[in-house]
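Please read the structure below before turning to the comments.
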Amino acid sequence: MTNLKTKILAFSDQINAEIKEIRAHLHRHPELSFQEFETSKFIQNYLNELGIPFQSGFVKTGIVGKIEGKNPSKKVIALRSDMDALPISENKNNKYCSTNEGVMHACGHDMHMAGLLGTAKILTEFKNEWEGTVLLIFQPGEELLPGGAKLMMEEGALNPEPEWILGQHVLPDMPAGTVGFRSGMYMASGDEIYLTVKGKGGHAAMPHKCTDTVLVASHIIVALQQIVSRHCDARIPTVLSFGKMIANGATNIIPDEVKIEGTFRTMNEEWRAKAKQLITDIAQTTAKGMGASCEVDIRHGYPFLVNDENSTQEAKKNAIDLLGKDKVVDMDIRMTTEDFGFYSQKYPVTFYRFGVQSDKNGSLHTSSFEANDNSLNTCMTTMAYLAISYLNK
């Protein structure tokens, strides 16, 4: 592998400018979840240029390419990139600023796509030096329930079925050129909570003649915090947060209803089910005790993401071989969610991070997020090297 490693690094340098331009194009033309039509066309055209056969139309915009090395039936693995952007207006000072008003690649999926296309070019260039078959998953709708990963699997996109799936994600607080791994439990499950408090609204100066739905909603939010602090085993990572409350009254109007929206995240399926029932019970009984009612809608979201122990440790070792020990770090658990978790429930997977830190980038999912495209070289070489190392093992 030493000679091949040298050739991969040299080839990635040759195509680096091309992959950066691909990333720039994708960043300028973001599309929302399950609406990635032009993005999908662009990827299909590039795969055609590389001579890589593919199937398209999964969940309308999804694509699965196939690269065969020597002895294609020996092993099958899959490499995954998501394609969708977020409904965020980008900071106009950002590099390669979005031309689609109100839509932005604020989670780095443009980097993921460009990186996987670069990986595909590397794998194609050296396909006589590795064995097996690589599936290239370009997946829609990672940012929106029910998640493109779930829907693509339901439509039979992974055919033949892989024995390992490799995925990667940008991390803005990690220096460019570095990657991070964690074996075992890595990311949380995520469920969406929608509560509607209902009562008889009225004049704020006469609260005795109405139901103070705003006060009821406030008590519900406070009461629900007990779920984590008093009902959850302290050893189970859990987050319950509410980010939206709409009480569309006025200074002197108590509204008929108040809407509350939040998220519940954890890393234990038994506790996940119990907690959702507690949310329902506490919200409804609190409302009833104050003369109101509460409708509860909890939308079952992504499962937790667990990395396969053996293949992830092997991937980390190979990353050290490629990049050096100082460029590979151990990751902690994250309470963020990823629909890649659906893959991890069915297949051995490795989901890792690559650093995109720059002087300008803000946090993920913000208008000021800006990935450092100098990290694309690390992005595509790491994925290609990990894939080839696994196949040739």
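Just so we're on the same page: first chain in the structure tokens is A, next is B, and so on; residues restart at 1 for each chain, and ligands are numbered from 1 in the order they show up.
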
Inset, instruction - Find the residues around Asp297 in chain A up to 7 Å (only C-alpha atoms counted), leave out those fewer than 6 positions away in its own chain, and share them as an MDAnalysis selection string. - result: chainID A and resid 193:195

Select from range 137-228 of chain A every residue with an atom at most 12 Å from any atom of range 39-56 of chain A, then for each give the shortest pair of atoms and their distance in Å to one decimal, using only C-alpha atoms, rows by chain and rising number, as CSV.
residue,atom,partner,partner_atom,distance
A:Ile137,CA,A:Phe54,CA,9.8
A:Phe138,CA,A:Ser40,CA,8.2
A:Gln139,CA,A:Ser40,CA,9.4
A:Pro140,CA,A:Ser40,CA,9.0
A:Met152,CA,A:Ser56,CA,10.8
A:Glu155,CA,A:Ser56,CA,11.5
A:Gly156,CA,A:Gln55,CA,11.2
A:Ala157,CA,A:Gln55,CA,8.4
A:Leu158,CA,A:Gln55,CA,10.4
A:Asn159,CA,A:Gln55,CA,10.3

Output file for the selection above: N, CA and C atoms, as a PDB file, in the first residue's frame:
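As written to disk, again09.pdb reads:
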ATOM      1  N   ILE A 137     -23.006   6.491  -2.891  1.00  0.00           N
ATOM      2  CA  ILE A 137     -24.357   6.914  -2.527  1.00  0.00           C
ATOM      3  C   ILE A 137     -24.412   8.438  -2.468  1.00  0.00           C
ATOM      4  N   PHE A 138     -25.186   9.042  -3.372  1.00  0.00           N
ATOM      5  CA  PHE A 138     -25.478  10.471  -3.292  1.00  0.00           C
ATOM      6  C   PHE A 138     -26.938  10.579  -2.848  1.00  0.00           C
ATOM      7  N   GLN A 139     -27.121  10.986  -1.612  1.00  0.00           N
ATOM      8  CA  GLN A 139     -28.406  10.832  -0.937  1.00  0.00           C
ATOM      9  C   GLN A 139     -29.111  12.164  -0.693  1.00  0.00           C
ATOM     10  N   PRO A 140     -30.404  12.231  -1.028  1.00  0.00           N
ATOM     11  CA  PRO A 140     -31.170  13.444  -0.741  1.00  0.00           C
ATOM     12  C   PRO A 140     -31.651  13.478   0.714  1.00  0.00           C
ATOM     13  N   MET A 152     -34.079   5.729   0.782  1.00  0.00           N
ATOM     14  CA  MET A 152     -33.269   5.067  -0.246  1.00  0.00           C
ATOM     15  C   MET A 152     -33.142   3.577   0.031  1.00  0.00           C
ATOM     16  N   GLU A 155     -36.279   1.838  -0.954  1.00  0.00           N
ATOM     17  CA  GLU A 155     -36.431   1.701  -2.402  1.00  0.00           C
ATOM     18  C   GLU A 155     -35.408   0.752  -3.027  1.00  0.00           C
ATOM     19  N   GLY A 156     -34.607   0.089  -2.182  1.00  0.00           N
ATOM     20  CA  GLY A 156     -33.664  -0.906  -2.677  1.00  0.00           C
ATOM     21  C   GLY A 156     -32.456  -0.331  -3.384  1.00  0.00           C
ATOM     22  N   ALA A 157     -32.028   0.862  -2.962  1.00  0.00           N
ATOM     23  CA  ALA A 157     -30.909   1.523  -3.633  1.00  0.00           C
ATOM     24  C   ALA A 157     -29.583   0.787  -3.438  1.00  0.00           C
ATOM     25  N   LEU A 158     -29.422   0.115  -2.312  1.00  0.00           N
ATOM     26  CA  LEU A 158     -28.152  -0.552  -2.023  1.00  0.00           C
ATOM     27  C   LEU A 158     -28.187  -1.976  -2.558  1.00  0.00           C
ATOM     28  N   ASN A 159     -27.863  -2.087  -3.826  1.00  0.00           N
ATOM     29  CA  ASN A 159     -27.894  -3.382  -4.509  1.00  0.00           C
ATOM     30  C   ASN A 159     -26.706  -3.461  -5.469  1.00  0.00           C
TER      31      ASN A 159
END

Could you give me, as a tab-separated table, every range 324-392 of chain A residue with an atom at most 12 Å from range 22-26 of chain A, plus its closest atom pair and distance in Å to one decimal, counting only C-alpha atoms, rows ordered by chain then number?
residue	atom	partner	partner_atom	distance
A:Glu370	CA	A:Ala24	CA	11.5
A:Ala371	CA	A:Arg23	CA	10.4
A:Asn372	CA	A:Arg23	CA	10.8
A:Asp373	CA	A:Arg23	CA	7.9
A:Asn374	CA	A:Arg23	CA	11.0
A:Ser375	CA	A:Arg23	CA	11.4
A:Leu376	CA	A:Arg23	CA	8.8
A:Asn377	CA	A:Arg23	CA	11.9

- Surrounding residues of Ile221 in chain A excluding itself and chain neighbours under 4 positions, 12 Å, only C-alpha atoms, as a ChimeraX atom specification: /A:193-197,214-217,225-227,240-245,258-262,279,282-284,286-287

Saved selection, atoms kept: N, CA and C atoms, as a CSV table (one decimal), in the first residue's frame:
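Below you can see part_11.csv, which holds the result:
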chain,number,residue,atom,x,y,z
A,193,ILE,N,-40.9,17.4,18.6
A,193,ILE,CA,-42.0,17.5,19.5
A,193,ILE,C,-42.8,18.7,19.1
A,194,TYR,N,-44.1,18.5,18.9
A,194,TYR,CA,-45.0,19.6,18.6
A,194,TYR,C,-46.2,19.6,19.6
A,195,LEU,N,-46.3,20.6,20.4
A,195,LEU,CA,-47.4,20.7,21.4
A,195,LEU,C,-48.3,21.9,21.0
A,196,THR,N,-49.6,21.7,21.2
A,196,THR,CA,-50.6,22.8,21.0
A,196,THR,C,-51.4,22.9,22.2
A,197,VAL,N,-51.3,24.0,22.9
A,197,VAL,CA,-52.1,24.2,24.2
A,197,VAL,C,-53.3,25.0,23.7
A,214,VAL,N,-50.9,31.0,27.6
A,214,VAL,CA,-49.5,31.4,27.7
A,214,VAL,C,-48.9,30.9,29.0
A,215,LEU,N,-49.6,31.1,30.1
A,215,LEU,CA,-49.1,30.6,31.4
A,215,LEU,C,-49.1,29.1,31.4
A,216,VAL,N,-50.1,28.5,30.8
A,216,VAL,CA,-50.1,27.0,30.8
A,216,VAL,C,-48.9,26.5,30.0
A,217,ALA,N,-48.7,27.1,28.8
A,217,ALA,CA,-47.6,26.6,28.0
A,217,ALA,C,-46.2,26.8,28.8
A,225,GLN,N,-39.0,19.7,31.9
A,225,GLN,CA,-37.5,19.6,32.2
A,225,GLN,C,-37.2,18.5,33.3
A,226,GLN,N,-38.2,18.2,34.1
A,226,GLN,CA,-38.1,17.1,35.1
A,226,GLN,C,-37.8,15.7,34.4
A,227,ILE,N,-38.2,15.6,33.2
A,227,ILE,CA,-38.0,14.3,32.5
A,227,ILE,C,-36.6,13.9,32.5
A,240,LEU,N,-33.5,17.4,26.2
A,240,LEU,CA,-34.8,17.8,25.8
A,240,LEU,C,-34.8,19.3,25.7
A,241,SER,N,-35.0,19.9,24.5
A,241,SER,CA,-34.9,21.3,24.4
A,241,SER,C,-36.1,21.8,23.5
A,242,PHE,N,-36.6,23.1,23.9
A,242,PHE,CA,-37.6,23.7,23.1
A,242,PHE,C,-37.1,25.0,22.5
A,243,GLY,N,-37.3,25.1,21.2
A,243,GLY,CA,-36.7,26.3,20.5
A,243,GLY,C,-37.8,27.2,19.9
A,244,LYS,N,-39.0,26.9,20.1
A,244,LYS,CA,-40.1,27.7,19.4
A,244,LYS,C,-41.3,27.7,20.2
A,245,MET,N,-41.9,28.9,20.5
A,245,MET,CA,-43.2,29.0,21.2
A,245,MET,C,-43.9,30.2,20.6
A,258,VAL,N,-51.5,28.2,22.0
A,258,VAL,CA,-50.1,28.4,22.0
A,258,VAL,C,-49.4,27.2,21.4
A,259,LYS,N,-48.5,27.4,20.5
A,259,LYS,CA,-47.8,26.3,19.9
A,259,LYS,C,-46.4,26.2,20.4
A,260,ILE,N,-45.9,25.0,20.7
A,260,ILE,CA,-44.5,24.8,21.2
A,260,ILE,C,-43.9,23.8,20.4
A,261,GLU,N,-42.6,24.0,20.0
A,261,GLU,CA,-41.9,23.0,19.2
A,261,GLU,C,-40.5,22.7,19.9
A,262,GLY,N,-40.1,21.5,19.9
A,262,GLY,CA,-38.8,21.1,20.5
A,262,GLY,C,-38.2,19.8,20.0
A,279,ILE,N,-43.5,12.6,28.1
A,279,ILE,CA,-43.7,14.0,27.5
A,279,ILE,C,-45.2,14.2,27.3
A,282,ILE,N,-47.1,14.3,30.9
A,282,ILE,CA,-46.9,15.5,31.7
A,282,ILE,C,-47.5,16.7,31.0
A,283,ALA,N,-47.4,16.8,29.7
A,283,ALA,CA,-47.9,17.9,29.0
A,283,ALA,C,-49.5,18.0,29.1
A,284,GLN,N,-50.1,16.8,28.9
A,284,GLN,CA,-51.5,16.8,29.0
A,284,GLN,C,-52.1,17.0,30.4
A,286,THR,N,-50.6,18.5,32.9
A,286,THR,CA,-50.3,19.9,33.3
A,286,THR,C,-51.4,20.8,32.8
A,287,ALA,N,-51.7,20.7,31.5
A,287,ALA,CA,-52.7,21.5,30.9
A,287,ALA,C,-54.0,21.3,31.5

So that I can see what lies close to Asp321 in chain A, please list as a ChimeraX atom specification the residues with an atom at most 12 Å from it, counting only C-alpha atoms and leaving out residues fewer than 2 positions away in the same chain. /A:1-2,5-6,314-319,323-328,382,385-386,389

| Expected answer as an MDAnalysis selection string: helix (DSSP H, G or I) residues in range 81-267 of chain A | chainID A and resid 109:125 127:129 148:154 207:209 213:224 226:231

Output for the residues just chosen: N, CA and C atoms as a compact mmCIF listing (two decimals), in the first residue's frame:
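Saved to out_26.txt:
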# COMPACT_ATOMS: atom_id res chain seq x y z
N HIS A 109 -22.68 20.02 3.08
CA HIS A 109 -22.98 18.92 2.16
C HIS A 109 -22.35 19.14 0.79
N ASP A 110 -22.08 20.41 0.43
CA ASP A 110 -21.35 20.69 -0.80
C ASP A 110 -19.94 20.11 -0.73
N MET A 111 -19.33 20.20 0.45
CA MET A 111 -18.01 19.61 0.66
C MET A 111 -18.08 18.09 0.56
N HIS A 112 -19.14 17.51 1.12
CA HIS A 112 -19.30 16.06 1.08
C HIS A 112 -19.42 15.55 -0.35
N MET A 113 -20.25 16.25 -1.14
CA MET A 113 -20.44 15.83 -2.53
C MET A 113 -19.16 15.98 -3.35
N ALA A 114 -18.52 17.13 -3.24
CA ALA A 114 -17.28 17.34 -4.00
C ALA A 114 -16.22 16.34 -3.58
N GLY A 115 -16.14 16.08 -2.26
CA GLY A 115 -15.17 15.11 -1.77
C GLY A 115 -15.41 13.71 -2.29
N LEU A 116 -16.69 13.30 -2.36
CA LEU A 116 -16.99 11.96 -2.85
C LEU A 116 -16.73 11.86 -4.36
N LEU A 117 -16.99 12.93 -5.09
CA LEU A 117 -16.67 12.92 -6.52
C LEU A 117 -15.15 12.84 -6.73
N GLY A 118 -14.39 13.52 -5.89
CA GLY A 118 -12.94 13.40 -5.95
C GLY A 118 -12.48 12.00 -5.60
N THR A 119 -13.11 11.42 -4.58
CA THR A 119 -12.82 10.03 -4.21
C THR A 119 -13.10 9.09 -5.36
N ALA A 120 -14.25 9.32 -6.03
CA ALA A 120 -14.63 8.48 -7.17
C ALA A 120 -13.58 8.57 -8.29
N LYS A 121 -13.05 9.76 -8.50
CA LYS A 121 -12.03 9.92 -9.55
C LYS A 121 -10.75 9.19 -9.18
N ILE A 122 -10.38 9.23 -7.91
CA ILE A 122 -9.19 8.51 -7.45
C ILE A 122 -9.39 7.00 -7.60
N LEU A 123 -10.54 6.51 -7.14
CA LEU A 123 -10.81 5.07 -7.22
C LEU A 123 -10.83 4.58 -8.67
N THR A 124 -11.36 5.41 -9.56
CA THR A 124 -11.39 5.04 -10.98
C THR A 124 -9.98 5.01 -11.57
N GLU A 125 -9.18 5.98 -11.20
CA GLU A 125 -7.80 6.06 -11.71
C GLU A 125 -6.99 4.83 -11.33
N LYS A 127 -8.28 1.71 -10.27
CA LYS A 127 -9.17 0.56 -10.07
C LYS A 127 -8.51 -0.78 -10.39
N ASN A 128 -7.37 -0.76 -11.06
CA ASN A 128 -6.63 -2.01 -11.29
C ASN A 128 -5.75 -2.39 -10.12
N GLU A 129 -5.76 -1.55 -9.06
CA GLU A 129 -4.91 -1.82 -7.91
C GLU A 129 -5.69 -2.12 -6.64
N GLY A 148 -33.52 10.88 3.95
CA GLY A 148 -33.27 10.22 2.68
C GLY A 148 -32.63 8.86 2.80
N ALA A 149 -31.83 8.65 3.86
CA ALA A 149 -31.18 7.35 4.04
C ALA A 149 -32.22 6.25 4.19
N LYS A 150 -33.21 6.51 5.02
CA LYS A 150 -34.29 5.53 5.26
C LYS A 150 -35.03 5.23 3.96
N LEU A 151 -35.37 6.28 3.22
CA LEU A 151 -36.16 6.11 2.01
C LEU A 151 -35.37 5.43 0.90
N MET A 152 -34.08 5.73 0.78
CA MET A 152 -33.27 5.07 -0.25
C MET A 152 -33.14 3.58 0.03
N MET A 153 -32.97 3.20 1.29
CA MET A 153 -32.90 1.78 1.62
C MET A 153 -34.22 1.10 1.33
N GLU A 154 -35.34 1.78 1.64
CA GLU A 154 -36.66 1.20 1.37
C GLU A 154 -36.90 1.00 -0.12
N PRO A 207 -58.27 38.01 33.20
CA PRO A 207 -57.82 36.62 33.09
C PRO A 207 -58.76 35.62 33.74
N HIS A 208 -59.60 36.09 34.67
CA HIS A 208 -60.53 35.18 35.34
C HIS A 208 -61.65 34.72 34.41
N LYS A 209 -61.79 35.40 33.28
CA LYS A 209 -62.84 35.03 32.33
C LYS A 209 -62.31 34.18 31.16
N THR A 213 -53.55 30.55 28.29
CA THR A 213 -52.81 29.53 27.55
C THR A 213 -51.30 29.79 27.56
N VAL A 214 -50.91 31.05 27.63
CA VAL A 214 -49.48 31.37 27.68
C VAL A 214 -48.87 30.88 28.98
N LEU A 215 -49.58 31.09 30.08
CA LEU A 215 -49.11 30.61 31.37
C LEU A 215 -49.07 29.08 31.40
N VAL A 216 -50.10 28.45 30.84
CA VAL A 216 -50.14 26.99 30.79
C VAL A 216 -48.95 26.45 30.00
N ALA A 217 -48.69 27.05 28.85
CA ALA A 217 -47.56 26.62 28.02
C ALA A 217 -46.24 26.76 28.77
N SER A 218 -46.10 27.84 29.51
CA SER A 218 -44.88 28.07 30.29
C SER A 218 -44.70 26.99 31.35
N HIS A 219 -45.78 26.64 32.04
CA HIS A 219 -45.72 25.59 33.06
C HIS A 219 -45.37 24.24 32.43
N ILE A 220 -45.90 23.98 31.24
CA ILE A 220 -45.59 22.71 30.57
C ILE A 220 -44.11 22.61 30.26
N ILE A 221 -43.53 23.70 29.73
CA ILE A 221 -42.10 23.67 29.41
C ILE A 221 -41.27 23.43 30.65
N VAL A 222 -41.60 24.10 31.75
CA VAL A 222 -40.85 23.92 33.00
C VAL A 222 -41.03 22.50 33.53
N ALA A 223 -42.26 22.00 33.49
CA ALA A 223 -42.53 20.65 34.02
C ALA A 223 -41.80 19.58 33.23
N LEU A 224 -41.70 19.77 31.91
CA LEU A 224 -41.05 18.76 31.08
C LEU A 224 -39.55 18.64 31.34
N GLN A 226 -38.25 18.15 34.06
CA GLN A 226 -38.07 17.11 35.07
C GLN A 226 -37.82 15.74 34.44
N ILE A 227 -38.21 15.58 33.18
CA ILE A 227 -38.04 14.28 32.52
C ILE A 227 -36.56 13.90 32.50
N VAL A 228 -35.71 14.85 32.14
CA VAL A 228 -34.28 14.57 32.09
C VAL A 228 -33.67 14.53 33.49
N SER A 229 -34.04 15.50 34.33
CA SER A 229 -33.39 15.63 35.64
C SER A 229 -33.86 14.61 36.68
N ARG A 230 -35.11 14.08 36.51
CA ARG A 230 -35.63 13.20 37.56
C ARG A 230 -36.15 11.85 37.08
N HIS A 231 -36.29 11.65 35.80
CA HIS A 231 -36.79 10.37 35.30
C HIS A 231 -35.74 9.57 34.54

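Among the candidates A:Gln313, A:Asn3, A:Gln357, A:Thr266, the residue lying nearest to Arg334 in chain A is A:Thr266 (atoms considered: only C-alpha atoms).
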
For Pro160 in chain A, the closest of A:Ala106, A:Val239, A:Ala205, A:Ala78 counting only C-alpha atoms is A:Ala78

Q: Would you list, as a ChimeraX atom specification, the residues of range 156-383 of chain A that end up in strand (DSSP E) under DSSP run on this structure's backbone?
A: /A:164-175,179-181,184-187,189-198,202-203,238-246,253-254,257-266,293-302,305-307,328-330,349-357

| said: I'd like the neighbourhood of Asp359 in chain A as a ChimeraX atom specification, where a residue qualifies if any of its atoms comes within 12 Å (using only C-alpha atoms), though same-chain residues fewer than 3 positions away should be ignored. | reply: /A:94,172-176,356,362,368-372

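Put simply, CA of Val64 in chain A is 14.2 Å away from CA of Gly167 in chain A.
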
Min atom-atom distance to Phe34 in chain A from the set A:Ile88, A:Gly108, A:Cys97, A:Leu145, counting only C-alpha atoms, belongs to A:Leu145

Judged by only C-alpha atoms, the minimum distance to Leu322 in chain A among A:Cys294, A:Met187, A:Phe37, A:Met380 is found for A:Met380

Using only C-alpha atoms, the shortest atom-to-atom distance to Gly190 in chain A among A:Gly147, A:Gly301, A:Pro30, A:Gly57 belongs to A:Gly301

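From CA of Pro87 in chain A back to CA of Thr366 in chain A, the distance works out to 10.1 Å.
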